[in-house]
>>> print(open('final.cif').read())   # mmCIF, N, CA and C atoms
data_work
loop_
_atom_site.label_atom_id
_atom_site.label_comp_id
_atom_site.auth_asym_id
_atom_site.auth_seq_id
_atom_site.Cartn_x
_atom_site.Cartn_y
_atom_site.Cartn_z
N MET A 1 11.99 -30.90 50.78
CA MET A 1 12.55 -32.06 51.44
C MET A 1 13.26 -32.97 50.43
N ASN A 2 12.73 -32.99 49.19
CA ASN A 2 13.38 -33.81 48.16
C ASN A 2 14.81 -33.33 47.87
N TYR A 3 15.03 -32.00 47.96
CA TYR A 3 16.39 -31.48 47.78
C TYR A 3 17.33 -32.07 48.83
N PHE A 4 16.88 -32.05 50.07
CA PHE A 4 17.70 -32.55 51.17
C PHE A 4 17.99 -34.03 51.01
N TYR A 5 16.94 -34.82 50.74
CA TYR A 5 17.13 -36.26 50.57
C TYR A 5 18.05 -36.55 49.39
N GLY A 6 17.80 -35.88 48.27
CA GLY A 6 18.61 -36.12 47.09
C GLY A 6 20.08 -35.81 47.33
N PHE A 7 20.35 -34.65 47.90
CA PHE A 7 21.73 -34.26 48.15
C PHE A 7 22.39 -35.17 49.18
N THR A 8 21.69 -35.48 50.25
CA THR A 8 22.25 -36.32 51.32
C THR A 8 22.55 -37.72 50.82
N PHE A 9 21.60 -38.32 50.08
CA PHE A 9 21.82 -39.66 49.55
C PHE A 9 22.96 -39.68 48.55
N LEU A 10 23.00 -38.70 47.65
CA LEU A 10 24.10 -38.64 46.68
C LEU A 10 25.44 -38.47 47.38
N LEU A 11 25.51 -37.56 48.30
CA LEU A 11 26.77 -37.30 49.01
C LEU A 11 27.23 -38.55 49.75
N THR A 12 26.34 -39.19 50.46
CA THR A 12 26.72 -40.37 51.24
C THR A 12 27.16 -41.51 50.33
N GLY A 13 26.38 -41.78 49.28
CA GLY A 13 26.73 -42.86 48.36
C GLY A 13 28.05 -42.62 47.65
N LEU A 14 28.26 -41.40 47.18
CA LEU A 14 29.51 -41.09 46.49
C LEU A 14 30.70 -41.11 47.44
N LEU A 15 30.49 -40.68 48.67
CA LEU A 15 31.58 -40.77 49.66
C LEU A 15 31.97 -42.22 49.93
N ILE A 16 30.98 -43.09 50.05
CA ILE A 16 31.27 -44.50 50.30
C ILE A 16 32.06 -45.10 49.15
N VAL A 17 31.59 -44.91 47.93
CA VAL A 17 32.25 -45.50 46.76
C VAL A 17 33.68 -44.97 46.62
N ASN A 18 33.83 -43.67 46.69
CA ASN A 18 35.16 -43.09 46.50
C ASN A 18 36.11 -43.45 47.64
N THR A 19 35.59 -43.56 48.84
CA THR A 19 36.44 -43.97 49.96
C THR A 19 36.91 -45.42 49.78
N LEU A 20 36.00 -46.30 49.37
CA LEU A 20 36.38 -47.70 49.18
C LEU A 20 37.44 -47.85 48.08
N PHE A 21 37.25 -47.15 46.96
CA PHE A 21 38.24 -47.26 45.89
C PHE A 21 39.56 -46.58 46.25
N SER A 22 39.49 -45.48 46.97
CA SER A 22 40.73 -44.82 47.39
C SER A 22 41.50 -45.70 48.37
N TYR A 23 40.79 -46.31 49.29
CA TYR A 23 41.44 -47.22 50.23
C TYR A 23 42.06 -48.39 49.48
N GLN A 24 41.34 -48.93 48.50
CA GLN A 24 41.85 -50.06 47.73
C GLN A 24 43.13 -49.69 46.99
N SER A 25 43.15 -48.51 46.38
CA SER A 25 44.34 -48.11 45.62
C SER A 25 45.55 -47.90 46.51
N GLN A 26 45.32 -47.54 47.75
CA GLN A 26 46.43 -47.24 48.65
C GLN A 26 46.85 -48.44 49.51
N HIS A 27 45.90 -49.28 49.93
CA HIS A 27 46.21 -50.28 50.95
C HIS A 27 45.97 -51.73 50.56
N VAL A 28 45.39 -52.00 49.40
CA VAL A 28 45.10 -53.38 49.02
C VAL A 28 46.06 -53.79 47.92
N ASP A 29 46.67 -54.95 48.09
CA ASP A 29 47.61 -55.49 47.12
C ASP A 29 46.89 -55.70 45.78
N PRO A 30 47.47 -55.30 44.65
CA PRO A 30 46.75 -55.38 43.38
C PRO A 30 46.64 -56.78 42.77
N HIS A 31 47.10 -57.80 43.46
CA HIS A 31 46.97 -59.15 42.92
C HIS A 31 45.51 -59.58 42.93
N PHE A 32 45.16 -60.51 42.05
CA PHE A 32 43.77 -60.88 41.81
C PHE A 32 43.05 -61.34 43.06
N TRP A 33 43.61 -62.29 43.79
CA TRP A 33 42.91 -62.87 44.93
C TRP A 33 42.74 -61.88 46.06
N THR A 34 43.70 -61.04 46.27
CA THR A 34 43.59 -60.02 47.32
C THR A 34 42.50 -59.01 46.96
N THR A 35 42.49 -58.61 45.70
CA THR A 35 41.48 -57.66 45.25
C THR A 35 40.09 -58.29 45.30
N LEU A 36 39.98 -59.55 44.88
CA LEU A 36 38.69 -60.23 44.93
C LEU A 36 38.18 -60.34 46.36
N LYS A 37 39.07 -60.68 47.27
CA LYS A 37 38.67 -60.78 48.69
C LYS A 37 38.19 -59.43 49.22
N TYR A 38 38.88 -58.37 48.86
CA TYR A 38 38.47 -57.03 49.29
C TYR A 38 37.12 -56.66 48.69
N GLN A 39 36.94 -56.94 47.39
CA GLN A 39 35.67 -56.60 46.74
C GLN A 39 34.51 -57.39 47.34
N LEU A 40 34.73 -58.66 47.65
CA LEU A 40 33.67 -59.46 48.26
C LEU A 40 33.34 -58.96 49.67
N PHE A 41 34.37 -58.55 50.39
CA PHE A 41 34.17 -58.01 51.72
C PHE A 41 33.38 -56.69 51.66
N CYS A 42 33.65 -55.90 50.64
CA CYS A 42 33.01 -54.58 50.52
C CYS A 42 31.69 -54.61 49.75
N PHE A 43 31.28 -55.78 49.27
CA PHE A 43 30.05 -55.86 48.47
C PHE A 43 28.84 -55.22 49.16
N PRO A 44 28.60 -55.49 50.44
CA PRO A 44 27.43 -54.83 51.08
C PRO A 44 27.54 -53.30 51.08
N LEU A 45 28.75 -52.80 51.22
CA LEU A 45 28.92 -51.34 51.19
C LEU A 45 28.69 -50.78 49.79
N PHE A 46 29.18 -51.49 48.77
CA PHE A 46 28.93 -51.05 47.39
C PHE A 46 27.44 -51.11 47.06
N LEU A 47 26.76 -52.14 47.52
CA LEU A 47 25.32 -52.24 47.30
C LEU A 47 24.60 -51.08 47.96
N THR A 48 24.95 -50.78 49.18
CA THR A 48 24.35 -49.66 49.90
C THR A 48 24.63 -48.34 49.17
N ALA A 49 25.87 -48.16 48.73
CA ALA A 49 26.23 -46.93 48.03
C ALA A 49 25.46 -46.79 46.72
N ASN A 50 25.32 -47.87 45.98
CA ASN A 50 24.57 -47.81 44.72
C ASN A 50 23.10 -47.49 44.97
N MET A 51 22.53 -48.04 46.01
CA MET A 51 21.14 -47.72 46.36
C MET A 51 21.01 -46.25 46.74
N LEU A 52 21.95 -45.74 47.53
CA LEU A 52 21.91 -44.34 47.93
C LEU A 52 22.04 -43.41 46.73
N ILE A 53 22.95 -43.73 45.82
CA ILE A 53 23.13 -42.89 44.63
C ILE A 53 21.87 -42.92 43.77
N GLY A 54 21.30 -44.10 43.59
CA GLY A 54 20.08 -44.22 42.80
C GLY A 54 18.93 -43.42 43.40
N TYR A 55 18.74 -43.54 44.70
CA TYR A 55 17.68 -42.77 45.35
C TYR A 55 18.00 -41.28 45.39
N GLY A 56 19.29 -40.94 45.48
CA GLY A 56 19.66 -39.52 45.43
C GLY A 56 19.29 -38.90 44.10
N ILE A 57 19.54 -39.63 43.01
CA ILE A 57 19.17 -39.12 41.69
C ILE A 57 17.64 -39.07 41.56
N LYS A 58 16.94 -40.07 42.08
CA LYS A 58 15.48 -40.09 42.01
C LYS A 58 14.88 -38.90 42.76
N PHE A 59 15.33 -38.66 43.99
CA PHE A 59 14.81 -37.53 44.76
C PHE A 59 15.23 -36.19 44.15
N GLY A 60 16.45 -36.13 43.61
CA GLY A 60 16.88 -34.91 42.94
C GLY A 60 16.02 -34.59 41.73
N PHE A 61 15.68 -35.63 40.97
CA PHE A 61 14.81 -35.43 39.81
C PHE A 61 13.41 -34.98 40.23
N LYS A 62 12.90 -35.56 41.33
CA LYS A 62 11.60 -35.13 41.84
C LYS A 62 11.63 -33.66 42.28
N ALA A 63 12.77 -33.22 42.77
CA ALA A 63 12.87 -31.86 43.28
C ALA A 63 12.94 -30.83 42.15
N ILE A 64 13.73 -31.10 41.10
CA ILE A 64 13.94 -30.06 40.09
C ILE A 64 13.41 -30.43 38.70
N HIS A 65 12.99 -31.66 38.49
CA HIS A 65 12.39 -32.12 37.24
C HIS A 65 13.30 -31.89 36.03
N HIS A 66 14.60 -32.06 36.24
CA HIS A 66 15.56 -31.91 35.14
C HIS A 66 16.72 -32.87 35.40
N LEU A 67 16.67 -34.02 34.72
CA LEU A 67 17.64 -35.08 35.00
C LEU A 67 19.07 -34.66 34.66
N THR A 68 19.25 -33.90 33.60
CA THR A 68 20.60 -33.49 33.20
C THR A 68 21.28 -32.70 34.31
N ILE A 69 20.56 -31.79 34.90
CA ILE A 69 21.14 -30.97 35.98
C ILE A 69 21.46 -31.83 37.19
N VAL A 70 20.59 -32.79 37.49
CA VAL A 70 20.85 -33.68 38.63
C VAL A 70 22.12 -34.49 38.39
N LEU A 71 22.27 -35.04 37.18
CA LEU A 71 23.45 -35.86 36.88
C LEU A 71 24.72 -35.02 36.83
N VAL A 72 24.63 -33.81 36.28
CA VAL A 72 25.82 -32.93 36.24
C VAL A 72 26.21 -32.52 37.65
N THR A 73 25.21 -32.25 38.49
CA THR A 73 25.50 -31.91 39.88
C THR A 73 26.14 -33.09 40.60
N ALA A 74 25.65 -34.30 40.32
CA ALA A 74 26.24 -35.49 40.94
C ALA A 74 27.70 -35.65 40.51
N LYS A 75 27.98 -35.41 39.23
CA LYS A 75 29.37 -35.51 38.76
C LYS A 75 30.24 -34.42 39.39
N GLY A 76 29.71 -33.22 39.52
CA GLY A 76 30.47 -32.16 40.18
C GLY A 76 30.75 -32.50 41.63
N LEU A 77 29.76 -33.06 42.29
CA LEU A 77 29.95 -33.50 43.68
C LEU A 77 31.00 -34.60 43.75
N GLU A 78 30.98 -35.49 42.78
CA GLU A 78 31.97 -36.57 42.75
C GLU A 78 33.37 -36.03 42.52
N VAL A 79 33.51 -34.99 41.71
CA VAL A 79 34.82 -34.38 41.49
C VAL A 79 35.34 -33.78 42.81
N LEU A 80 34.47 -33.10 43.53
CA LEU A 80 34.88 -32.53 44.82
C LEU A 80 35.27 -33.62 45.81
N ILE A 81 34.53 -34.72 45.80
CA ILE A 81 34.86 -35.84 46.69
C ILE A 81 36.18 -36.47 46.27
N ALA A 82 36.42 -36.57 44.96
CA ALA A 82 37.69 -37.13 44.48
C ALA A 82 38.87 -36.26 44.91
N ILE A 83 38.69 -34.96 44.89
CA ILE A 83 39.75 -34.06 45.38
C ILE A 83 39.99 -34.30 46.87
N LEU A 84 38.91 -34.45 47.63
CA LEU A 84 39.03 -34.73 49.06
C LEU A 84 39.75 -36.05 49.30
N MET A 85 39.38 -37.09 48.56
CA MET A 85 40.02 -38.41 48.73
C MET A 85 41.49 -38.36 48.32
N GLY A 86 41.79 -37.62 47.27
CA GLY A 86 43.18 -37.45 46.87
C GLY A 86 44.01 -36.80 47.97
N TYR A 87 43.40 -35.85 48.66
CA TYR A 87 44.11 -35.20 49.75
C TYR A 87 44.25 -36.14 50.96
N LEU A 88 43.17 -36.82 51.30
CA LEU A 88 43.21 -37.68 52.49
C LEU A 88 44.09 -38.91 52.32
N PHE A 89 44.01 -39.57 51.16
CA PHE A 89 44.73 -40.82 50.98
C PHE A 89 46.11 -40.64 50.34
N LEU A 90 46.25 -39.69 49.43
CA LEU A 90 47.50 -39.54 48.69
C LEU A 90 48.25 -38.26 49.02
N LYS A 91 47.69 -37.45 49.88
CA LYS A 91 48.29 -36.17 50.29
C LYS A 91 48.53 -35.25 49.10
N GLU A 92 47.60 -35.30 48.11
CA GLU A 92 47.68 -34.41 46.95
C GLU A 92 46.96 -33.10 47.28
N VAL A 93 47.65 -32.00 47.08
CA VAL A 93 47.05 -30.69 47.34
C VAL A 93 46.56 -30.13 46.01
N PRO A 94 45.28 -29.69 45.95
CA PRO A 94 44.77 -29.13 44.70
C PRO A 94 45.55 -27.89 44.28
N THR A 95 45.73 -27.74 42.98
CA THR A 95 46.45 -26.58 42.44
C THR A 95 45.45 -25.60 41.83
N TRP A 96 45.95 -24.55 41.26
CA TRP A 96 45.09 -23.56 40.63
C TRP A 96 44.38 -24.17 39.42
N LYS A 97 44.99 -25.17 38.79
CA LYS A 97 44.35 -25.83 37.64
C LYS A 97 43.09 -26.57 38.07
N THR A 98 43.14 -27.16 39.25
CA THR A 98 41.97 -27.85 39.78
C THR A 98 40.84 -26.86 40.03
N LEU A 99 41.17 -25.75 40.64
CA LEU A 99 40.16 -24.72 40.90
C LEU A 99 39.61 -24.14 39.61
N LEU A 100 40.46 -23.99 38.60
CA LEU A 100 40.00 -23.51 37.30
C LEU A 100 39.02 -24.50 36.67
N GLY A 101 39.33 -25.78 36.75
CA GLY A 101 38.45 -26.80 36.20
C GLY A 101 37.09 -26.82 36.90
N ILE A 102 37.10 -26.71 38.21
CA ILE A 102 35.84 -26.67 38.96
C ILE A 102 35.05 -25.42 38.60
N SER A 103 35.74 -24.30 38.44
CA SER A 103 35.06 -23.06 38.05
C SER A 103 34.41 -23.20 36.68
N ILE A 104 35.10 -23.83 35.74
CA ILE A 104 34.53 -24.04 34.41
C ILE A 104 33.29 -24.92 34.49
N MET A 105 33.33 -25.94 35.33
CA MET A 105 32.14 -26.80 35.50
C MET A 105 30.97 -26.01 36.07
N ILE A 106 31.22 -25.18 37.07
CA ILE A 106 30.15 -24.39 37.68
C ILE A 106 29.57 -23.40 36.68
N ILE A 107 30.44 -22.76 35.92
CA ILE A 107 29.96 -21.83 34.89
C ILE A 107 29.11 -22.56 33.85
N GLY A 108 29.53 -23.79 33.49
CA GLY A 108 28.76 -24.58 32.54
C GLY A 108 27.37 -24.90 33.04
N VAL A 109 27.25 -25.24 34.32
CA VAL A 109 25.93 -25.52 34.90
C VAL A 109 25.08 -24.26 34.89
N ILE A 110 25.67 -23.13 35.22
CA ILE A 110 24.93 -21.87 35.23
C ILE A 110 24.46 -21.52 33.82
N VAL A 111 25.31 -21.71 32.84
CA VAL A 111 24.95 -21.41 31.45
C VAL A 111 23.81 -22.31 30.99
N THR A 112 23.81 -23.58 31.38
CA THR A 112 22.72 -24.46 30.96
C THR A 112 21.41 -24.12 31.63
N LYS A 113 21.45 -23.47 32.78
CA LYS A 113 20.22 -23.09 33.48
C LYS A 113 19.63 -21.78 32.96
N ILE A 114 20.42 -20.99 32.24
CA ILE A 114 19.93 -19.73 31.69
C ILE A 114 18.98 -20.04 30.55
N LYS A 115 17.85 -19.37 30.56
CA LYS A 115 16.85 -19.63 29.51
C LYS A 115 16.96 -18.68 28.38
#
>>> encode(input="final.cif", output="structure tokens")
Amino acid sequence: MNYFYGFTFLLTGLLIVNTLFSYQSQHVDPHFWTTLKYQLFCFPLFLTANMLIGYGIKFGFKAIHHLTIVLVTAKGLEVLIAILMGYLFLKEVPTWKTLLGISIMIIGVIVTKIK
């Protein structure tokens, strides 16, 4: 159950954070007061996302007892979410270089798990 909670909390928290920043980069004027107003409006969402990410890492650590793997998995998940946000907000289509980079990350995680 800790696997499920950890993954779900991480995924939800990272989706919230990346969606808010992607929306800001595309639709919020970069001037100080506009950005401040947006950040203050989104503060409850950022707080929720940070709590979800923190609990996702906590439950992930309880599940596998290896913090490095949990954090690397969270970063890999964040990379996949960033690719999704790039496609949704900026209409960027991943290239073969993106897939190569993700493959290298996956191979790195597998290599670190080999005893």
>>> closest_residue(input="final.cif", among="A:Ser22, A:Thr48, A:Leu67, A:Gln39", to="Gly86 in chain A", atoms="all atoms listed in the file")
A:Ser22
>>> atom_distance(input="final.cif", atom1="atom C of Asn2 in chain A", atom2="atom C of Ile53 in chain A")
12.6 Å
>>> closest_residue(input="final.cif", among="A:Val70, A:Pro44, A:Gly56, A:Trp33", to="Leu11 in chain A", atoms="all atoms listed in the file")
A:Gly56
>>> axis_aligned_box(input="final.cif", around="range 19-30 of chain A", padding_each_side="4 Å", output="lines of an AutoDock Vina configuration file")
center_x = 41.6
center_y = -50.2
center_z = 46.9
size_x = 20.0
size_y = 21.2
size_z = 16.2
>>> residues_around(input="final.cif", residues="Ile57 in chain A", least_positions_apart="4", cutoff="6 Å", atoms="all atoms listed in the file", output="ChimeraX atom specification")
/A:6,10,52-53,61-62
>>> atom_distance(input="final.cif", atom1="atom N of Thr95 in chain A", atom2="atom C of Ala82 in chain A")
11.1 Å
>>> atom_distance(input="final.cif", atom1="atom N of Thr35 in chain A", atom2="atom C of Leu90 in chain A")
21.4 Å
>>> closest_residue(input="final.cif", among="A:Thr68, A:Asn50, A:Ser103, A:Thr98", to="Gly13 in chain A", atoms="all atoms listed in the file")
A:Asn50
>>> resolve_selection(input="final.cif", expression="the PyMOL selection byres (((chain A and resi 45 and name CA) around 12) and name CA)", output="count of residues only")
24
>>> residues_around(input="final.cif", residues="Met105 in chain A", least_positions_apart="5", cutoff="9 Å", atoms="only C-alpha atoms", output="list in words")
Val72, Gly76, Leu100 and Ile110 of chain A
